[in-house]
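Enquirer: Supplied in structure tokens, the structure appears directly below.
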Amino acid sequence: MSALPVIIVAALFLSAMLSALVGMWRRTLAYVIALGGVAVSLLAAVLGLFRVLDGGELRHYIGGWEPPLGIEYVMDPISAFMTVIITSIGLLLLIYPPDVGLSQSPRRGVPLYGLVLLLLAGLAGVAITGDLFNLFVFLEIYALASYALVTLRGGAAYMATFRYLILGTIGAGFYLLGAGFLYFSTGSLNMADVSRLLPPLFGTPAVTAALALIILGLGIKMALFPLHVWLPDAHTEAPPVMAALLASVQIEVSAYALIRILLTVFQPQYLDGLMVTHIIGWFAAAGIVVSSVMAIAQKDFKRMLAYSTVGQVAYIGLGISLANPMGLIGALLHILNHAFMKSCLFLVAGGIRQQTGFTDMTRFAGLGRRMPLTMTAFTVAALSMVGIPPTAGFFSKWYLALGSLDAGNWGFIAVILLSSLLNAVYFFRIIEKVWATSARSDSPVETAREPSRRITAPIALLALGVLALGLINAVIVTRVLGPAVAQLMG
């Protein structure tokens, strides 16, 4: 057994509790505890990733109870990969000042950092748990924290949160029912044990119902088209840091959970027999096109990014549906790339609002001259979203296209190309306005300036990350994602 898997989650839970308690006495110290907790968790995640790549899986039995009776935490290449994404993005977003990123400053008795850490702990728990019911528990932990954080802006955020809460609860209920059917069928909740017991039961009504319910539940959680209706309002009304967490990490962890259950609990050949992957694939393809068209129609920057997120999640769904090595590598690589791209874009939105008071894209003329560093980072992330090499976004789309080619699915290749053109339409119009159009003399842009270093530092680091991930994508694929996919499909 190894303690690293449990340290990742325990550090986040412990620092969440301590920062909430200490925040009642001293707010600055609460922030230091929050940063320290995420840093410890990130260090454990990185160490775990290297240990897994060199020596195989790491397992920890909670309370010393071995599975299938006890709850098991597992770190393999894909779960270690996910925990590194969660904790690294979480650390960068915590640097962003809370009065801008969370729409309010921490006040005595308000556990603002504790909620963020609770959210990260739930996400990390989903990534490393090896138990179906424990996965539900972590899904609800991060959901409850996110409901509270989305409301911080007040006003319209309350209605957006209410819709998100209702649909999120429905999604969790579907997942729990599916896990219950699997338990009734196999007598176990441990993922590895259920996978061993399922083959003789394939085709039974209970197992088929379990599969359908789990896909529906996690499909709602990951906002897979057409189950995405909660996402645009929640992302638009959420504070920038929370919108970044929702778009770049939270929905992608749900996508990871779907990948994990479909490929390690159920068998790929069983899914093919039920046409499950084909159904997911064509819904994802439709989502890519529809969301891109909807993004073009928006005037509000954050709402455009929200619809863009629906399309980016659909890329991951497309990779899942291909169920071949290249397609899955593309899906997992896109989880990483999108985490950096979309976090950068939402933090840019926060910086623009802090300096100008608006997020209406029609008023962005001249921002490049007044906020050059921020808008350069925006341009890098936008080019990556379109898929311009050598940025990160190009390579995940490239692997998805290769997976579609291996599957002989020219329709998916056409969708990927069309979506890149549509992405270019809605991002290049902003780039043109920012850099090539002058602001009116009475525009608030004329009084804007580069935001503070606490705002620009994480934005710049995320933009550099987008470039770096593109340049080292071959290393990531050969060292991390290749072994992860081989194990998933083994």
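Letters A, B, ... go to the chains of the structure tokens in the order shown; residues in each chain start at 1; ligands are counted from 1 in the same order.
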So that I can check the surroundings of segment 396-412 of chain A, please list as a VMD selection string every protein, DNA and RNA residue that reaches within 7 Å of it, counting only C-alpha atoms and ignoring chain neighbours fewer than 5 positions away.
Expert: chain A and resid 285 319 322 324 326 to 327 329 to 330 333 to 334
Enquirer: Based on the selection just made, write C-alpha atoms of those residues as an mmCIF file, in the first residue's frame.
Expert:
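File produced: result04.cif:
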```cif
data_model
loop_
_atom_site.group_PDB
_atom_site.id
_atom_site.type_symbol
_atom_site.label_atom_id
_atom_site.label_comp_id
_atom_site.auth_asym_id
_atom_site.auth_seq_id
_atom_site.Cartn_x
_atom_site.Cartn_y
_atom_site.Cartn_z
ATOM 1 C CA ALA A 285 -20.697 15.639 -32.904
ATOM 2 C CA GLY A 319 -12.879 10.639 -28.180
ATOM 3 C CA LEU A 322 -14.205 6.278 -30.797
ATOM 4 C CA ASN A 324 -9.665 3.309 -29.917
ATOM 5 C CA MET A 326 -5.812 7.465 -30.745
ATOM 6 C CA GLY A 327 -9.311 8.676 -29.926
ATOM 7 C CA ILE A 329 -5.417 9.809 -26.250
ATOM 8 C CA GLY A 330 -7.059 12.770 -27.985
ATOM 9 C CA LEU A 333 -5.020 15.243 -23.983
ATOM 10 C CA HIS A 334 -7.941 17.584 -24.596
#
```
Enquirer: As JSON, numbers by chain, please: the residues near segment 378-380 of chain A (cut-off 10 Å, only C-alpha atoms, same-chain neighbours under 5 positions excluded).
Expert: {"A": [341, 342, 344, 345, 346, 347, 348, 349, 368, 372, 373, 385, 388, 391, 392, 427, 428, 430, 431, 434, 435, 459, 460, 462, 463, 464, 466, 467]}
Enquirer: If you run DSSP on the backbone, which residues of segment 61-234 of chain A are helix (DSSP H, G or I), as a PyMOL selection string?
Expert: chain A and resi 62-64+77-95+98-101+112-128+132-153+156-186+191-197+199-201+205-221+231-234
Enquirer: So which residues touch His228 of chain A within 8 Å, counting only C-alpha atoms, skipping near sequence neighbours fewer than 6 positions away, as a list in words?
Expert: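 What passes the distance filter is Ile220, Met222 and Val310 of chain A.
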Enquirer: Could those residues be written to a file, using C-alpha atoms, as a CSV table (one decimal), in the first residue's frame?
Expert:
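So again07.csv came out as:
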```csv
chain,number,residue,atom,x,y,z
A,220,ILE,CA,-25.5,15.7,-17.1
A,222,MET,CA,-20.2,16.7,-17.7
A,310,VAL,CA,-20.1,22.7,-24.3
```
Enquirer: Near Ala192 of chain A, counting only C-alpha atoms, which residues have an atom at most 9 Å away, once you skip same-chain residues fewer than 6 positions from it, shown as a PDB file with C-alpha atoms, in the first residue's frame?
Expert:
```
ATOM      1  CA  PRO A  68     -14.246  -5.528  -1.939  1.00  0.00           C
ATOM      2  CA  GLY A 130     -11.843   2.761  -6.787  1.00  0.00           C
ATOM      3  CA  ASP A 131     -15.331   2.430  -5.309  1.00  0.00           C
ATOM      4  CA  THR A 264     -12.719  -0.469 -16.738  1.00  0.00           C
ATOM      5  CA  VAL A 265     -16.017  -1.517 -15.165  1.00  0.00           C
TER       6      VAL A 265
END
```
Enquirer: Which residues are near segment 179-188 of chain A? Cut-off 9 Å, only C-alpha atoms, ignore same chain within fewer than 6 positions. Put them as a PyMOL selection string.
Expert: chain A and resi 68-69+132-133+136+194+197-198+201+206-207+209-211+213-214
Enquirer: Hey, can you spit out that residue selection with N, CA and C atoms as a PDB file, in the first residue's frame?
Expert:
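The result, stored in selection_27.pdb:
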```
ATOM      1  N   PRO A  68     -13.096  -6.384  -1.616  1.00  0.00           N
ATOM      2  CA  PRO A  68     -14.246  -5.528  -1.939  1.00  0.00           C
ATOM      3  C   PRO A  68     -15.014  -5.015  -0.725  1.00  0.00           C
ATOM      4  N   LEU A  69     -14.616  -5.413   0.503  1.00  0.00           N
ATOM      5  CA  LEU A  69     -15.344  -4.933   1.682  1.00  0.00           C
ATOM      6  C   LEU A  69     -15.028  -3.470   1.976  1.00  0.00           C
ATOM      7  N   LEU A 132     -17.491   2.532  -6.432  1.00  0.00           N
ATOM      8  CA  LEU A 132     -18.594   3.187  -7.139  1.00  0.00           C
ATOM      9  C   LEU A 132     -19.405   4.103  -6.230  1.00  0.00           C
ATOM     10  N   PHE A 133     -19.672   3.667  -4.998  1.00  0.00           N
ATOM     11  CA  PHE A 133     -20.450   4.522  -4.107  1.00  0.00           C
ATOM     12  C   PHE A 133     -19.618   5.687  -3.593  1.00  0.00           C
ATOM     13  N   PHE A 136     -19.759   8.474  -5.909  1.00  0.00           N
ATOM     14  CA  PHE A 136     -20.967   9.284  -5.742  1.00  0.00           C
ATOM     15  C   PHE A 136     -20.794  10.284  -4.606  1.00  0.00           C
ATOM     16  N   VAL A 194     -16.318  -5.433  -9.443  1.00  0.00           N
ATOM     17  CA  VAL A 194     -17.516  -5.414 -10.298  1.00  0.00           C
ATOM     18  C   VAL A 194     -17.140  -5.786 -11.730  1.00  0.00           C
ATOM     19  N   LEU A 197     -16.884  -9.462 -12.024  1.00  0.00           N
ATOM     20  CA  LEU A 197     -18.142 -10.204 -11.860  1.00  0.00           C
ATOM     21  C   LEU A 197     -19.163  -9.947 -12.967  1.00  0.00           C
ATOM     22  N   LEU A 198     -18.973  -8.885 -13.746  1.00  0.00           N
ATOM     23  CA  LEU A 198     -20.002  -8.480 -14.710  1.00  0.00           C
ATOM     24  C   LEU A 198     -20.141  -9.353 -15.956  1.00  0.00           C
ATOM     25  N   LEU A 201     -23.074 -11.471 -16.601  1.00  0.00           N
ATOM     26  CA  LEU A 201     -24.354 -10.782 -16.423  1.00  0.00           C
ATOM     27  C   LEU A 201     -24.667  -9.813 -17.555  1.00  0.00           C
ATOM     28  N   ALA A 206     -30.955  -5.572 -15.562  1.00  0.00           N
ATOM     29  CA  ALA A 206     -30.393  -4.740 -14.490  1.00  0.00           C
ATOM     30  C   ALA A 206     -29.089  -4.086 -14.928  1.00  0.00           C
ATOM     31  N   VAL A 207     -28.220  -4.837 -15.580  1.00  0.00           N
ATOM     32  CA  VAL A 207     -26.929  -4.293 -16.003  1.00  0.00           C
ATOM     33  C   VAL A 207     -27.117  -3.279 -17.127  1.00  0.00           C
ATOM     34  N   ALA A 209     -29.786  -1.418 -17.586  1.00  0.00           N
ATOM     35  CA  ALA A 209     -30.342  -0.222 -16.948  1.00  0.00           C
ATOM     36  C   ALA A 209     -29.258   0.541 -16.198  1.00  0.00           C
ATOM     37  N   ALA A 210     -28.366  -0.184 -15.528  1.00  0.00           N
ATOM     38  CA  ALA A 210     -27.270   0.467 -14.799  1.00  0.00           C
ATOM     39  C   ALA A 210     -26.400   1.278 -15.746  1.00  0.00           C
ATOM     40  N   LEU A 211     -26.069   0.694 -16.891  1.00  0.00           N
ATOM     41  CA  LEU A 211     -25.245   1.391 -17.879  1.00  0.00           C
ATOM     42  C   LEU A 211     -25.934   2.663 -18.356  1.00  0.00           C
ATOM     43  N   LEU A 213     -28.312   4.454 -16.883  1.00  0.00           N
ATOM     44  CA  LEU A 213     -28.448   5.438 -15.813  1.00  0.00           C
ATOM     45  C   LEU A 213     -27.120   6.128 -15.511  1.00  0.00           C
ATOM     46  N   ILE A 214     -26.034   5.376 -15.518  1.00  0.00           N
ATOM     47  CA  ILE A 214     -24.720   5.967 -15.237  1.00  0.00           C
ATOM     48  C   ILE A 214     -24.325   6.939 -16.344  1.00  0.00           C
TER      49      ILE A 214
END
```
Enquirer: Work out how far apart atom CA of Asp233 of chain A and atom CA of Ala148 of chain A are and give it in Å to one decimal.
Expert: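 Straight-line distance from atom CA of Asp233 of chain A to atom CA of Ala148 of chain A works out to 14.9 Å.
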Enquirer: Expressed in Å to a single decimal, how great is the separation between atom CA of Leu481 of chain A and atom CA of Ala243 of chain A?
Expert: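 Separating atom CA of Leu481 of chain A from atom CA of Ala243 of chain A is a distance of 26.9 Å.
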Enquirer: Which one is closest to Arg26 of chain A: A:Gly90, A:Gly64, A:Gly366, A:Pro111? Count only C-alpha atoms.
Expert: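 Closest candidate: A:Pro111.
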Enquirer: Using only C-alpha atoms, can you tell me which of A:Gly168, A:Pro389, A:Gly37, A:Gly173 comes closest to Leu118 of chain A?
Expert: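 Checking each of A:Gly168, A:Pro389, A:Gly37, A:Gly173 against Leu118 of chain A, counting only C-alpha atoms, the winner is A:Gly37.
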Enquirer: Separation of atom CA of Gly70 of chain A and atom CA of Asn190 of chain A, in Å?
Expert: 8.2 Å
Enquirer: For segment 286-294 of chain A, please output as a PyMOL selection string all residues within 7 Å (counting only C-alpha atoms; exclusion window: fewer than 4 positions along the same chain).
Expert: chain A and resi 225-226+282+298+307-308+310-311+314-315+419+422-423
Enquirer: Excluding Gln250 of chain A and its own-chain neighbours fewer than 6 positions away, which residues fall within 12 Å of it when counting only C-alpha atoms? Please give them as a PyMOL selection string.
Expert: chain A and resi 82-83+85-87+89-90+116+119-127+138-143+145-146+218+221-223+231+235+242-244+256-257+309+313+335+338-339+343
Enquirer: Nearest residue to Ile261 of chain A out of A:Pro239, A:Gly178, A:Gly281, A:Gly154, using only C-alpha atoms?
Expert: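 Under the stated criterion, the closest residue is A:Gly178.
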